[in-house]
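What's in input-v7.txt: compact mmCIF, C-alpha atoms
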# COMPACT_ATOMS: atom_id res chain seq x y z
CA MET A 168 -44.11 -24.76 81.66
CA GLN A 169 -45.00 -22.97 78.46
CA ALA A 170 -42.35 -21.24 76.39
CA SER A 171 -42.52 -18.92 73.44
CA PHE A 172 -42.14 -21.97 71.20
CA VAL A 173 -45.37 -23.79 71.62
CA PHE A 174 -45.94 -26.86 69.54
CA ALA A 175 -49.24 -27.90 68.26
CA GLU A 176 -49.23 -31.03 70.35
CA GLY A 177 -48.16 -30.63 73.89
CA GLY A 178 -47.43 -33.48 76.29
CA GLU A 179 -44.48 -35.74 75.59
CA GLU A 180 -43.38 -33.98 72.40
CA GLY A 181 -43.24 -30.55 73.97
CA PHE A 182 -40.73 -31.94 76.45
CA TRP A 183 -37.67 -31.47 74.19
CA ALA A 184 -38.33 -27.79 73.60
CA THR A 185 -37.95 -26.94 77.22
CA ALA A 186 -35.92 -29.89 78.49
CA ALA A 187 -32.82 -29.07 80.50
CA PRO A 188 -30.05 -28.56 77.91
CA ILE A 189 -27.82 -31.20 79.47
CA ILE A 190 -30.29 -33.98 78.69
CA PRO A 191 -29.02 -35.57 75.48
CA HIS A 192 -31.47 -36.07 72.68
CA PRO A 193 -31.13 -39.80 71.87
CA LEU A 194 -31.23 -39.57 68.09
CA GLU A 195 -28.79 -36.66 68.09
CA PHE A 196 -26.42 -38.73 70.21
CA PHE A 197 -26.57 -41.77 67.94
CA PHE A 198 -26.48 -39.66 64.82
CA GLY A 199 -23.38 -37.92 66.17
CA LEU A 200 -21.72 -41.28 66.82
CA ALA A 201 -22.58 -42.59 63.37
CA THR A 202 -21.50 -39.45 61.52
CA PHE A 203 -18.26 -39.28 63.40
CA ALA A 204 -17.62 -42.97 62.74
CA LEU A 205 -18.09 -42.38 59.01
CA LEU A 206 -15.74 -39.41 59.04
CA TYR A 207 -13.22 -41.35 61.09
CA PHE A 208 -13.10 -44.29 58.71
CA VAL A 209 -12.68 -42.06 55.67
CA VAL A 210 -9.92 -40.10 57.40
CA LYS A 211 -8.19 -43.27 58.59
CA ALA A 212 -8.47 -45.13 55.30
CA LYS A 213 -7.76 -42.31 52.87
CA VAL A 214 -6.82 -38.92 54.20
CA VAL A 215 -4.16 -39.73 56.77
CA PRO A 216 -2.35 -42.29 54.58
CA ARG A 217 -2.22 -39.74 51.76
CA LEU A 218 -0.95 -36.99 54.05
CA GLU A 219 1.60 -39.31 55.64
CA GLN A 220 2.78 -40.28 52.18
CA ILE A 221 3.18 -36.62 51.29
CA TYR A 222 5.12 -36.07 54.52
CA ALA A 223 7.38 -39.03 53.89
CA GLU A 224 8.00 -38.10 50.26
CA ARG A 225 8.70 -34.53 51.15
CA THR A 226 11.11 -35.54 53.90
CA ALA A 227 12.81 -37.93 51.49
CA ALA A 228 13.00 -35.21 48.85
CA ILE A 229 14.51 -32.75 51.30
CA GLU A 230 16.97 -35.31 52.60
CA GLY A 231 17.81 -36.31 49.05
CA GLY A 232 18.42 -32.67 48.22
CA MET A 233 20.63 -32.33 51.26
CA ASN A 234 22.58 -35.43 50.31
CA LYS A 235 22.98 -34.07 46.82
CA ALA A 236 24.20 -30.78 48.19
CA GLU A 237 26.66 -32.56 50.46
CA GLU A 238 27.87 -34.60 47.53
CA ALA A 239 28.33 -31.47 45.45
CA GLN A 240 30.23 -29.86 48.29
CA ALA A 241 32.46 -32.90 48.62
CA GLN A 242 33.09 -32.82 44.90
CA ALA A 243 33.92 -29.14 45.04
CA GLN A 244 36.27 -29.81 47.94
CA ALA A 245 37.95 -32.62 46.02
CA ALA A 246 38.27 -30.38 42.97
CA LEU A 247 39.76 -27.64 45.10
CA GLU A 248 42.27 -30.03 46.63
CA GLN A 249 43.17 -31.37 43.21
CA TYR A 250 43.55 -27.87 41.92
CA GLN A 251 45.74 -26.89 44.83
CA ALA A 252 47.85 -30.01 44.37
CA GLN A 253 48.21 -29.17 40.70
CA LEU A 254 49.12 -25.64 41.61
CA VAL A 255 51.86 -26.83 43.96
CA GLU A 256 53.10 -29.20 41.30
CA ALA A 257 53.04 -26.46 38.71
CA ARG A 258 54.94 -24.17 41.01
CA ALA A 259 57.56 -26.84 41.62
CA GLU A 260 57.82 -27.47 37.93
CA ALA A 261 58.16 -23.80 37.17
CA SER A 262 60.91 -23.46 39.73
CA ARG A 263 62.66 -26.49 38.30
CA ILE A 264 62.40 -25.10 34.79
CA ARG A 265 63.78 -21.83 36.02
CA GLU A 266 66.73 -23.61 37.65
CA ASP A 267 67.31 -25.58 34.49
CA ALA A 268 67.15 -22.45 32.39
CA LYS A 269 69.58 -20.72 34.70
CA ALA A 270 71.99 -23.66 34.49
CA GLN A 271 71.59 -23.91 30.75
CA GLY A 272 72.14 -20.19 30.39
CA ALA A 273 75.33 -20.41 32.39
CA GLN A 274 76.45 -23.33 30.26
CA ILE A 275 75.67 -21.50 27.05
CA ILE A 276 77.57 -18.44 28.23
CA ALA A 277 80.53 -20.60 29.16
CA GLU A 278 80.41 -22.37 25.82
CA MET A 279 80.17 -19.12 23.93
CA ARG A 280 82.98 -17.65 25.91
CA GLU A 281 85.09 -20.65 25.14
CA GLN A 282 84.19 -20.46 21.49
CA ALA A 283 84.93 -16.74 21.40
CA ALA A 284 88.28 -17.38 23.01
CA ALA A 285 89.00 -20.08 20.44
CA ASP A 286 87.89 -17.79 17.64
CA ALA A 287 90.04 -15.02 18.95
CA ALA A 288 93.01 -17.38 19.16
CA ARG A 289 92.35 -18.60 15.68
CA ILE A 290 92.04 -15.08 14.28
CA THR A 291 95.20 -14.00 16.07
CA GLU A 292 97.05 -17.00 14.70
CA THR A 293 95.82 -16.32 11.18
CA ALA A 294 96.87 -12.70 11.50
CA HIS A 295 100.28 -13.79 12.75
CA LYS A 296 100.66 -16.16 9.88
CA GLN A 297 99.61 -13.52 7.42
CA ILE A 298 101.99 -11.00 8.94
CA GLU A 299 104.74 -13.60 8.81
CA ALA A 300 103.95 -14.33 5.19
CA GLU A 301 103.93 -10.66 4.33
CA ARG A 302 107.14 -10.17 6.20
CA GLN A 303 108.70 -13.01 4.28
CA GLN A 304 107.42 -11.49 1.10
CA ALA A 305 108.78 -8.10 2.10
CA VAL A 306 112.09 -9.64 3.01
CA VAL A 307 112.29 -11.39 -0.32
CA SER A 308 111.27 -8.24 -2.16
CA LEU A 309 113.58 -6.10 -0.09
CA ARG A 310 116.44 -8.47 -0.61
CA GLY A 311 115.99 -8.18 -4.36
CA ASP A 312 115.70 -4.42 -4.18
CA VAL A 313 118.68 -4.02 -1.85
CA GLY A 314 120.80 -6.27 -4.03
CA ARG A 315 119.87 -4.41 -7.11
CA MET A 316 120.36 -1.00 -5.51
CA SER A 317 123.70 -2.01 -3.94
CA THR A 318 124.95 -3.35 -7.18
CA GLU A 319 123.83 -0.31 -8.97
CA LEU A 320 125.39 1.88 -6.36
CA ALA A 321 128.58 -0.07 -6.49
CA SER A 322 128.56 0.08 -10.25
CA ARG A 323 128.33 3.80 -10.13
CA ILE A 324 131.02 4.01 -7.62
CA VAL A 325 133.20 1.59 -9.41
CA GLY A 326 132.17 2.89 -12.74
CA GLU A 327 131.41 -0.26 -14.45
CA SER A 328 128.64 -2.66 -14.45
CA LEU A 329 128.88 -5.30 -11.96
CA GLU A 330 125.47 -6.47 -12.45
CA ASP A 331 126.11 -9.54 -14.43
CA GLU A 332 129.00 -10.65 -12.40
CA ALA A 333 127.32 -9.93 -9.21
CA ARG A 334 124.43 -11.98 -10.21
CA GLN A 335 126.67 -14.66 -11.46
CA ARG A 336 128.63 -14.90 -8.40
CA GLY A 337 125.81 -14.43 -5.80
CA ILE A 338 127.84 -11.70 -4.13
CA VAL A 339 124.79 -9.85 -3.00
CA GLU A 340 123.22 -12.94 -1.57
CA ARG A 341 126.26 -13.74 0.38
CA PHE A 342 126.55 -10.20 1.62
CA LEU A 343 123.05 -10.11 2.77
CA ALA A 344 123.39 -13.39 4.51
CA GLU A 345 126.44 -12.10 6.29
CA LEU A 346 124.62 -8.95 7.11
CA GLU A 347 121.90 -10.96 8.71
CA SER A 348 124.31 -13.08 10.63
CA GLY A 349 126.07 -9.94 11.78
CA ASP A 350 129.66 -10.67 10.68
CA VAL A 351 130.20 -8.42 7.82
CA VAL A 352 133.74 -8.43 6.55
CA ARG A 353 135.22 -6.20 4.10
CA GLU A 354 135.71 -7.93 0.88
CA LYS A 355 137.61 -6.86 -2.04
CA VAL A 356 135.40 -6.22 -4.88
CA GLY A 357 136.47 -7.21 -8.25
CA ASP A 358 139.54 -8.90 -6.74
CA ALA A 359 138.61 -12.27 -7.90
CA MET B 99 -40.58 -16.53 81.44
CA SER B 100 -42.70 -14.29 79.33
CA LEU B 101 -45.55 -15.53 77.26
CA VAL B 102 -46.17 -15.34 73.55
CA SER B 103 -49.48 -13.74 74.19
CA ALA B 104 -47.84 -10.83 75.98
CA ALA B 105 -47.92 -7.34 74.49
CA PRO B 106 -45.55 -6.80 71.51
CA SER B 107 -43.56 -4.25 73.47
CA GLU B 108 -42.48 -6.92 75.92
CA TYR B 109 -39.06 -8.47 75.28
CA THR B 110 -38.68 -12.24 75.28
CA ALA B 111 -35.16 -13.34 76.15
CA PRO B 112 -33.85 -16.33 74.19
CA GLY B 113 -33.91 -19.56 76.16
CA VAL B 114 -33.45 -23.27 75.93
CA GLU B 115 -36.18 -23.55 73.35
CA GLU B 116 -33.98 -21.61 70.93
CA PHE B 117 -31.94 -24.77 70.44
CA TRP B 118 -34.78 -27.18 69.84
CA GLN B 119 -35.34 -27.13 66.10
CA PRO B 120 -36.88 -30.32 64.81
CA LEU B 121 -37.03 -30.38 61.03
CA PHE B 122 -39.42 -33.20 60.26
CA GLY B 123 -40.81 -36.36 61.68
CA THR B 124 -41.98 -36.14 65.22
CA ASP B 125 -40.51 -33.67 67.62
CA GLY B 126 -39.92 -36.43 70.15
CA PRO B 127 -36.74 -38.36 70.99
CA TRP B 128 -36.41 -39.66 67.41
CA ALA B 129 -37.02 -36.39 65.63
CA ILE B 130 -34.65 -35.31 62.86
CA THR B 131 -33.28 -32.00 64.08
CA ARG B 132 -31.40 -29.10 62.58
CA PRO B 133 -28.08 -29.89 64.34
CA MET B 134 -28.25 -33.40 62.89
CA LEU B 135 -28.54 -31.93 59.42
CA LEU B 136 -25.62 -29.61 60.21
CA MET B 137 -23.59 -32.54 61.50
CA ALA B 138 -24.26 -34.44 58.27
CA ILE B 139 -23.38 -31.40 56.14
CA SER B 140 -20.18 -30.79 58.10
CA ALA B 141 -19.08 -34.42 57.77
CA GLY B 142 -19.84 -34.31 54.04
CA LEU B 143 -17.95 -31.04 53.60
CA ILE B 144 -14.96 -32.28 55.57
CA ILE B 145 -14.79 -35.59 53.70
CA TRP B 146 -15.11 -33.85 50.35
CA PHE B 147 -12.54 -31.19 51.20
CA LEU B 148 -9.99 -33.58 52.65
CA LEU B 149 -10.27 -36.03 49.77
CA ALA B 150 -10.21 -33.27 47.15
CA THR B 151 -7.18 -31.48 48.58
CA THR B 152 -5.10 -34.61 49.11
CA ARG B 153 -5.88 -36.36 45.83
CA LYS B 154 -2.86 -35.04 43.96
CA LYS B 155 -0.40 -35.76 46.78
CA ALA B 156 1.80 -32.98 45.45
CA LEU B 157 5.16 -32.32 47.08
CA VAL B 158 4.67 -28.66 46.29
CA PRO B 159 1.14 -28.23 47.57
CA SER B 160 -1.72 -26.26 46.08
CA ARG B 161 -3.52 -23.77 48.30
CA GLY B 162 -6.16 -26.32 49.27
CA GLN B 163 -3.62 -28.99 50.05
CA MET B 164 -1.56 -26.47 51.97
CA SER B 165 -4.50 -25.57 54.22
CA THR B 166 -5.28 -29.24 54.85
CA GLU B 167 -1.63 -29.87 55.59
CA ALA B 168 -1.51 -26.90 57.96
CA VAL B 169 -4.47 -28.21 60.03
CA TYR B 170 -3.16 -31.76 59.81
CA GLY B 171 0.29 -30.59 60.88
CA LEU B 172 -1.20 -28.75 63.85
CA VAL B 173 -3.01 -31.88 65.05
CA ARG B 174 -0.25 -34.33 64.11
CA ASN B 175 2.83 -32.48 65.33
CA GLY B 176 1.39 -29.82 67.62
CA ILE B 177 -0.97 -32.07 69.55
CA ALA B 178 -0.50 -35.80 68.94
CA LYS B 179 3.28 -35.96 68.72
CA ASP B 180 3.86 -33.67 71.69
CA LEU B 181 1.36 -35.27 74.04
CA ILE B 182 1.45 -38.94 73.08
CA GLY B 183 5.12 -39.19 72.20
CA SER B 184 6.83 -39.76 68.91
CA LYS B 185 6.76 -43.55 69.30
CA GLU B 186 3.05 -44.30 69.31
CA PHE B 187 1.30 -41.12 68.26
CA LEU B 188 0.77 -42.00 64.63
CA ARG B 189 -2.03 -44.53 65.19
CA PHE B 190 -4.07 -41.93 67.08
CA VAL B 191 -3.68 -39.20 64.49
CA PRO B 192 -6.76 -40.24 62.43
CA LEU B 193 -8.94 -40.08 65.55
CA LEU B 194 -7.56 -36.75 66.74
CA PHE B 195 -7.64 -35.21 63.28
CA SER B 196 -11.25 -36.34 62.77
CA LEU B 197 -12.22 -34.96 66.18
CA PHE B 198 -10.57 -31.63 65.52
CA MET B 199 -12.09 -31.25 62.08
CA ILE B 200 -15.67 -32.20 63.03
CA ILE B 201 -15.65 -29.99 66.15
CA LEU B 202 -14.01 -27.06 64.38
CA VAL B 203 -16.37 -27.07 61.42
CA ASN B 204 -19.48 -27.54 63.54
CA ASN B 205 -18.35 -24.80 65.90
CA LEU B 206 -17.72 -22.44 63.00
CA PHE B 207 -21.24 -23.21 61.80
CA GLY B 208 -22.28 -21.36 64.96
CA VAL B 209 -21.47 -17.99 63.44
CA LEU B 210 -21.43 -18.75 59.73
CA PRO B 211 -24.60 -18.06 57.79
CA PRO B 212 -26.64 -19.82 56.57
CA PHE B 213 -25.88 -22.43 59.25
CA SER B 214 -25.76 -20.07 62.25
CA TYR B 215 -26.14 -22.88 64.72
CA PRO B 216 -23.41 -24.52 66.80
CA THR B 217 -24.07 -28.24 66.56
CA MET B 218 -22.13 -28.87 69.75
CA SER B 219 -24.61 -26.80 71.76
CA ARG B 220 -26.77 -29.91 71.67
CA ILE B 221 -25.16 -32.06 74.33
CA GLY B 222 -25.85 -35.34 72.53
CA PHE B 223 -23.00 -34.59 70.10
CA PRO B 224 -20.29 -33.68 72.64
CA ILE B 225 -21.30 -36.72 74.68
CA ALA B 226 -20.92 -38.95 71.64
CA LEU B 227 -17.42 -37.58 70.93
CA SER B 228 -16.37 -37.73 74.60
CA LEU B 229 -17.62 -41.29 74.84
CA ILE B 230 -15.43 -42.28 71.92
CA VAL B 231 -12.40 -40.64 73.53
CA TRP B 232 -13.24 -42.25 76.87
CA VAL B 233 -13.52 -45.73 75.38
CA VAL B 234 -10.35 -45.27 73.33
CA PHE B 235 -8.09 -44.06 76.10
CA HIS B 236 -9.21 -46.78 78.52
CA ALA B 237 -8.95 -49.44 75.83
CA VAL B 238 -5.43 -48.53 74.73
CA GLY B 239 -4.34 -48.17 78.36
CA MET B 240 -5.60 -51.65 79.22
CA LYS B 241 -4.10 -53.11 76.08
CA LYS B 242 -0.75 -51.64 77.01
CA HIS B 243 -0.62 -52.37 80.74
CA GLY B 244 -3.09 -55.24 81.05
CA PHE B 245 -6.44 -54.91 82.86
CA ILE B 246 -5.00 -55.01 86.39
CA GLY B 247 -1.84 -53.18 85.43
CA TYR B 248 -3.87 -50.33 83.97
CA TRP B 249 -5.70 -49.65 87.21
CA LYS B 250 -2.45 -50.03 89.11
CA SER B 251 -0.82 -47.51 86.83
CA LEU B 252 -3.33 -44.88 87.97
CA VAL B 253 -1.49 -44.52 91.25
CA PRO B 254 1.89 -42.85 91.05
CA SER B 255 4.72 -44.96 92.38
CA GLY B 256 6.54 -44.03 95.56
CA LEU B 257 3.49 -43.03 97.60
CA PRO B 258 3.39 -43.83 101.31
CA LYS B 259 1.23 -46.91 101.98
CA GLY B 260 -1.60 -45.05 103.65
CA MET B 261 -2.02 -42.74 100.69
CA ILE B 262 -2.33 -45.38 98.01
CA LEU B 263 -6.02 -46.19 98.49
CA PRO B 264 -7.36 -42.59 98.69
CA ILE B 265 -5.26 -41.55 95.71
CA PHE B 266 -6.47 -44.59 93.80
CA PHE B 267 -10.10 -43.62 94.36
CA LEU B 268 -9.44 -40.03 93.41
CA GLU B 269 -7.72 -41.12 90.22
CA LEU B 270 -10.49 -43.61 89.53
CA ILE B 271 -13.14 -40.90 89.75
CA THR B 272 -11.04 -38.63 87.56
CA ASP B 273 -10.47 -41.29 84.95
CA LEU B 274 -13.92 -42.84 84.84
CA PHE B 275 -16.10 -39.85 85.47
CA THR B 276 -14.54 -36.38 85.63
CA ARG B 277 -12.56 -36.54 82.43
CA PRO B 278 -15.31 -37.61 79.99
CA VAL B 279 -17.94 -35.44 81.66
CA THR B 280 -15.84 -32.30 81.70
CA LEU B 281 -14.71 -32.99 78.16
CA ALA B 282 -18.31 -33.05 76.94
CA LEU B 283 -19.60 -30.29 79.20
CA ARG B 284 -16.78 -27.87 78.38
CA LEU B 285 -17.51 -28.05 74.67
CA PHE B 286 -21.26 -28.00 75.12
CA GLY B 287 -21.24 -25.16 77.64
CA ASN B 288 -19.04 -22.90 75.56
CA MET B 289 -21.10 -23.38 72.43
CA PHE B 290 -24.42 -23.14 74.21
CA ALA B 291 -23.52 -20.01 76.15
CA GLY B 292 -21.81 -18.33 73.22
CA HIS B 293 -24.76 -18.88 70.95
CA ILE B 294 -27.33 -17.76 73.47
CA LEU B 295 -25.24 -14.66 74.13
CA ILE B 296 -25.14 -13.70 70.46
CA VAL B 297 -28.87 -14.37 70.06
CA LEU B 298 -29.49 -12.23 73.13
CA PHE B 299 -27.44 -9.34 71.74
CA ILE B 300 -29.12 -9.51 68.35
CA THR B 301 -32.73 -9.96 69.45
CA GLY B 302 -32.31 -7.51 72.32
CA GLY B 303 -30.74 -4.96 70.00
CA TRP B 304 -33.54 -5.41 67.54
CA TYR B 305 -36.10 -4.96 70.30
CA MET B 306 -34.47 -1.70 71.39
CA LEU B 307 -34.02 -0.44 67.83
CA THR B 308 -37.73 -0.91 67.18
CA SER B 309 -38.77 0.54 70.48
CA GLY B 310 -37.86 4.11 69.53
CA GLY B 311 -36.57 6.91 71.72
CA ILE B 312 -33.22 6.73 73.48
CA LEU B 313 -33.35 2.95 73.21
CA VAL B 314 -32.46 3.20 69.51
CA ILE B 315 -28.94 4.31 70.43
CA ALA B 316 -28.67 1.54 72.98
CA GLY B 317 -29.88 -0.89 70.34
CA GLY B 318 -27.16 0.27 67.90
CA VAL B 319 -24.49 -0.15 70.55
CA THR B 320 -25.88 -3.59 71.33
CA TRP B 321 -25.59 -4.61 67.70
CA ILE B 322 -22.01 -3.39 67.57
CA PHE B 323 -21.41 -5.59 70.59
CA ALA B 324 -23.12 -8.44 68.78
CA VAL B 325 -20.49 -8.13 66.04
CA VAL B 326 -17.70 -8.00 68.61
CA MET B 327 -19.16 -11.02 70.39
CA THR B 328 -19.36 -12.88 67.10
CA LEU B 329 -15.67 -12.28 66.43
CA PHE B 330 -14.90 -13.36 69.97
CA GLU B 331 -17.06 -16.42 69.44
CA LEU B 332 -14.96 -17.34 66.40
CA LEU B 333 -11.93 -17.47 68.65
CA VAL B 334 -13.77 -19.53 71.26
CA GLU B 335 -14.97 -21.95 68.60
CA PHE B 336 -11.46 -22.60 67.37
CA LEU B 337 -10.10 -22.81 70.91
CA GLN B 338 -12.73 -25.34 71.99
CA ALA B 339 -11.96 -27.60 69.05
CA TYR B 340 -8.28 -27.31 69.92
CA VAL B 341 -8.80 -27.92 73.64
CA PHE B 342 -11.02 -30.94 73.06
CA THR B 343 -8.44 -32.52 70.76
CA LEU B 344 -5.60 -31.56 73.07
CA LEU B 345 -7.26 -33.15 76.09
CA ALA B 346 -8.17 -36.27 74.13
CA ALA B 347 -4.49 -36.62 73.16
CA LEU B 348 -3.47 -35.93 76.76
CA TYR B 349 -5.75 -38.66 78.11
CA ILE B 350 -4.58 -41.16 75.49
CA GLY B 351 -0.96 -40.23 76.13
CA GLY B 352 -1.47 -40.60 79.87
CA ALA B 353 -3.11 -44.01 79.49
CA ILE B 354 -0.29 -45.49 77.44
CA ALA B 355 2.53 -43.72 79.25
CA ASP B 356 4.98 -46.01 81.04
CA GLU B 357 4.76 -43.98 84.24
CA HIS B 358 1.52 -42.35 85.22
Please go through the file and, once you have read it, give me the structure as structure tokens.
Amino acid sequence: MQASFVFAEGGEEGFWATAAPIIPHPLEFFFGLATFALLYFVVKAKVVPRLEQIYAERTAAIEGGMNKAEEAQAQAQAALEQYQAQLVEARAEASRIREDAKAQGAQIIAEMREQAAADAARITETAHKQIEAERQQAVVSLRGDVGRMSTELASRIVGESLEDEARQRGIVERFLAELESGDVVREKVGDA
Amino acid sequence: MSLVSAAPSEYTAPGVEEFWQPLFGTDGPWAITRPMLLMAISAGLIIWFLLATTRKKALVPSRGQMSTEAVYGLVRNGIAKDLIGSKEFLRFVPLLFSLFMIILVNNLFGVLPPFSYPTMSRIGFPIALSLIVWVVFHAVGMKKHGFIGYWKSLVPSGLPKGMILPIFFLELITDLFTRPVTLALRLFGNMFAGHILIVLFITGGWYMLTSGGILVIAGGVTWIFAVVMTLFELLVEFLQAYVFTLLAALYIGGAIADEH
């Protein structure tokens, strides 16, 4: 059987050119085994360990990142709880302060009211005392005036000066005292 | 099959010989071939890229590290963890990741210039990878259940007595033969057929374009289809790498599962 590829020597060597394609060429077979063996040992010794290391490290890195994220979330949760607790506490405190302030305010108002009442009482008392003092003064002054005017009047009526005698005898004083006590009696003037 | 000596106007469809590209040495069973070179380049590229993008071990990855991590995550979590179970999957991740990477890169070589050759279209490579998976899933199964226990675990519990033996033989064939063979053939067949299809579209299109006449239009359409097929092939190449790794994980998971 001659094909388009014709080798210089025919016979045994020409066999492979036209051999049925499912007949393995021996050297190709062994060469394939050897080459694959070489590749396999390099892949097994170097490539796969490296790639597995990358896989493992990457998985670890991702898991580490996830753990970190979880931790951060837990921290945030804790912070939130703390914050809320503080908020509740602050609210309670604020309400307490408000109550206190209210109570204090009431107390202050009561105190001030009391003080104002005391002040008012004091002022009233002072005014009373002053009025009393002025009244006394007026009474004293009036008494003098009335005595003098009565004496004078009497003098004119009587026609002579009674002044000295009246003073000497305290007639006016006596009269006024009687006047105050309400039992005025006629008295003879100049009869003594 | 047409001959080289035929007239230039005659079209030669691409065939098996398209895939036989010895580089130097003999062109016998011990010849150094182009797919071997591609396999070596792909392994070198993968090792360099994986080591370079994981050197920094950054928690916030660079673009290179991110792409490595994306592929690694697909194999680790999308395939290994789901199919083997979260308890034992980690020790199989290097194997599954290596399988996925070497198949994906070699498949992508199928449409990427200057490689433009799917390594896995040479069946020696898929057989090598399937053999490794086959040995691994039987070995871990026997280690887990014991030699006798492993074969016993092939048969689901609760079968009627008469059914046990036939089911055992069916499962035995599946485990020993069907699984590794289909695993290798699926990958090989997809890559082989996809590549031959693209070569057919391109060489056929070229033949029509150079033939003149109405064929020029047909040749243009064919080349457009070649582009479409190439994009489709990209999808297939990724899918085959995924499926191979998925099935490898499935077989391993099945072997070490408590209940078969």
Gap from atom CA of Ile246 of chain B to atom CA of Ala353 of chain B - Å, one decimal: 13.1 Å
Return as a PyMOL selection string the residues belonging to chain A that are within 9 Å of chain B, counting only C-alpha atoms. chain A and resi 168-174+179-200+202-203+205-215+217-218+220-222+224-225+228
Mind dumping the selected residues with C-alpha atoms as a compact mmCIF listing (two decimals), in the coordinates of the input?
# COMPACT_ATOMS: atom_id res chain seq x y z
CA MET A 168 -44.11 -24.76 81.66
CA GLN A 169 -45.00 -22.97 78.46
CA ALA A 170 -42.35 -21.24 76.39
CA SER A 171 -42.52 -18.92 73.44
CA PHE A 172 -42.14 -21.97 71.20
CA VAL A 173 -45.37 -23.79 71.62
CA PHE A 174 -45.94 -26.86 69.54
CA GLU A 179 -44.48 -35.74 75.59
CA GLU A 180 -43.38 -33.98 72.40
CA GLY A 181 -43.24 -30.55 73.97
CA PHE A 182 -40.73 -31.94 76.45
CA TRP A 183 -37.67 -31.47 74.19
CA ALA A 184 -38.33 -27.79 73.60
CA THR A 185 -37.95 -26.94 77.22
CA ALA A 186 -35.92 -29.89 78.49
CA ALA A 187 -32.82 -29.07 80.50
CA PRO A 188 -30.05 -28.56 77.91
CA ILE A 189 -27.82 -31.20 79.47
CA ILE A 190 -30.29 -33.98 78.69
CA PRO A 191 -29.02 -35.57 75.48
CA HIS A 192 -31.47 -36.07 72.68
CA PRO A 193 -31.13 -39.80 71.87
CA LEU A 194 -31.23 -39.57 68.09
CA GLU A 195 -28.79 -36.66 68.09
CA PHE A 196 -26.42 -38.73 70.21
CA PHE A 197 -26.57 -41.77 67.94
CA PHE A 198 -26.48 -39.66 64.82
CA GLY A 199 -23.38 -37.92 66.17
CA LEU A 200 -21.72 -41.28 66.82
CA THR A 202 -21.50 -39.45 61.52
CA PHE A 203 -18.26 -39.28 63.40
CA LEU A 205 -18.09 -42.38 59.01
CA LEU A 206 -15.74 -39.41 59.04
CA TYR A 207 -13.22 -41.35 61.09
CA PHE A 208 -13.10 -44.29 58.71
CA VAL A 209 -12.68 -42.06 55.67
CA VAL A 210 -9.92 -40.10 57.40
CA LYS A 211 -8.19 -43.27 58.59
CA ALA A 212 -8.47 -45.13 55.30
CA LYS A 213 -7.76 -42.31 52.87
CA VAL A 214 -6.82 -38.92 54.20
CA VAL A 215 -4.16 -39.73 56.77
CA ARG A 217 -2.22 -39.74 51.76
CA LEU A 218 -0.95 -36.99 54.05
CA GLN A 220 2.78 -40.28 52.18
CA ILE A 221 3.18 -36.62 51.29
CA TYR A 222 5.12 -36.07 54.52
CA GLU A 224 8.00 -38.10 50.26
CA ARG A 225 8.70 -34.53 51.15
CA ALA A 228 13.00 -35.21 48.85
Would you compute the distance between atom CA of Val169 of chain B and atom CA of Val209 of chain B? Give it in Å to one decimal.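 One can read the atom CA of Val169 of chain B to atom CA of Val209 of chain B distance as 20.1 Å.
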Which residues come within 8 Å of Arg284 of chain B, counting only C-alpha atoms, excluding same-chain residues fewer than 4 positions away, as a list in words? Thr280, Asn288 and Gln338 of chain B
Selection file, C-alpha atoms, as a PDB file, keeping the file's coordinate frame:
ATOM      1  CA  THR B 280     -15.840 -32.300  81.700  1.00  0.00           C
ATOM      2  CA  ASN B 288     -19.040 -22.900  75.560  1.00  0.00           C
ATOM      3  CA  GLN B 338     -12.730 -25.340  71.990  1.00  0.00           C
TER       4      GLN B 338
END
Expressed in Å to a single decimal, how great is the separation between atom CA of Gly303 of chain B and atom CA of Thr328 of chain B?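 Atom-to-atom, atom CA of Gly303 of chain B and atom CA of Thr328 of chain B are spaced 14.2 Å apart.
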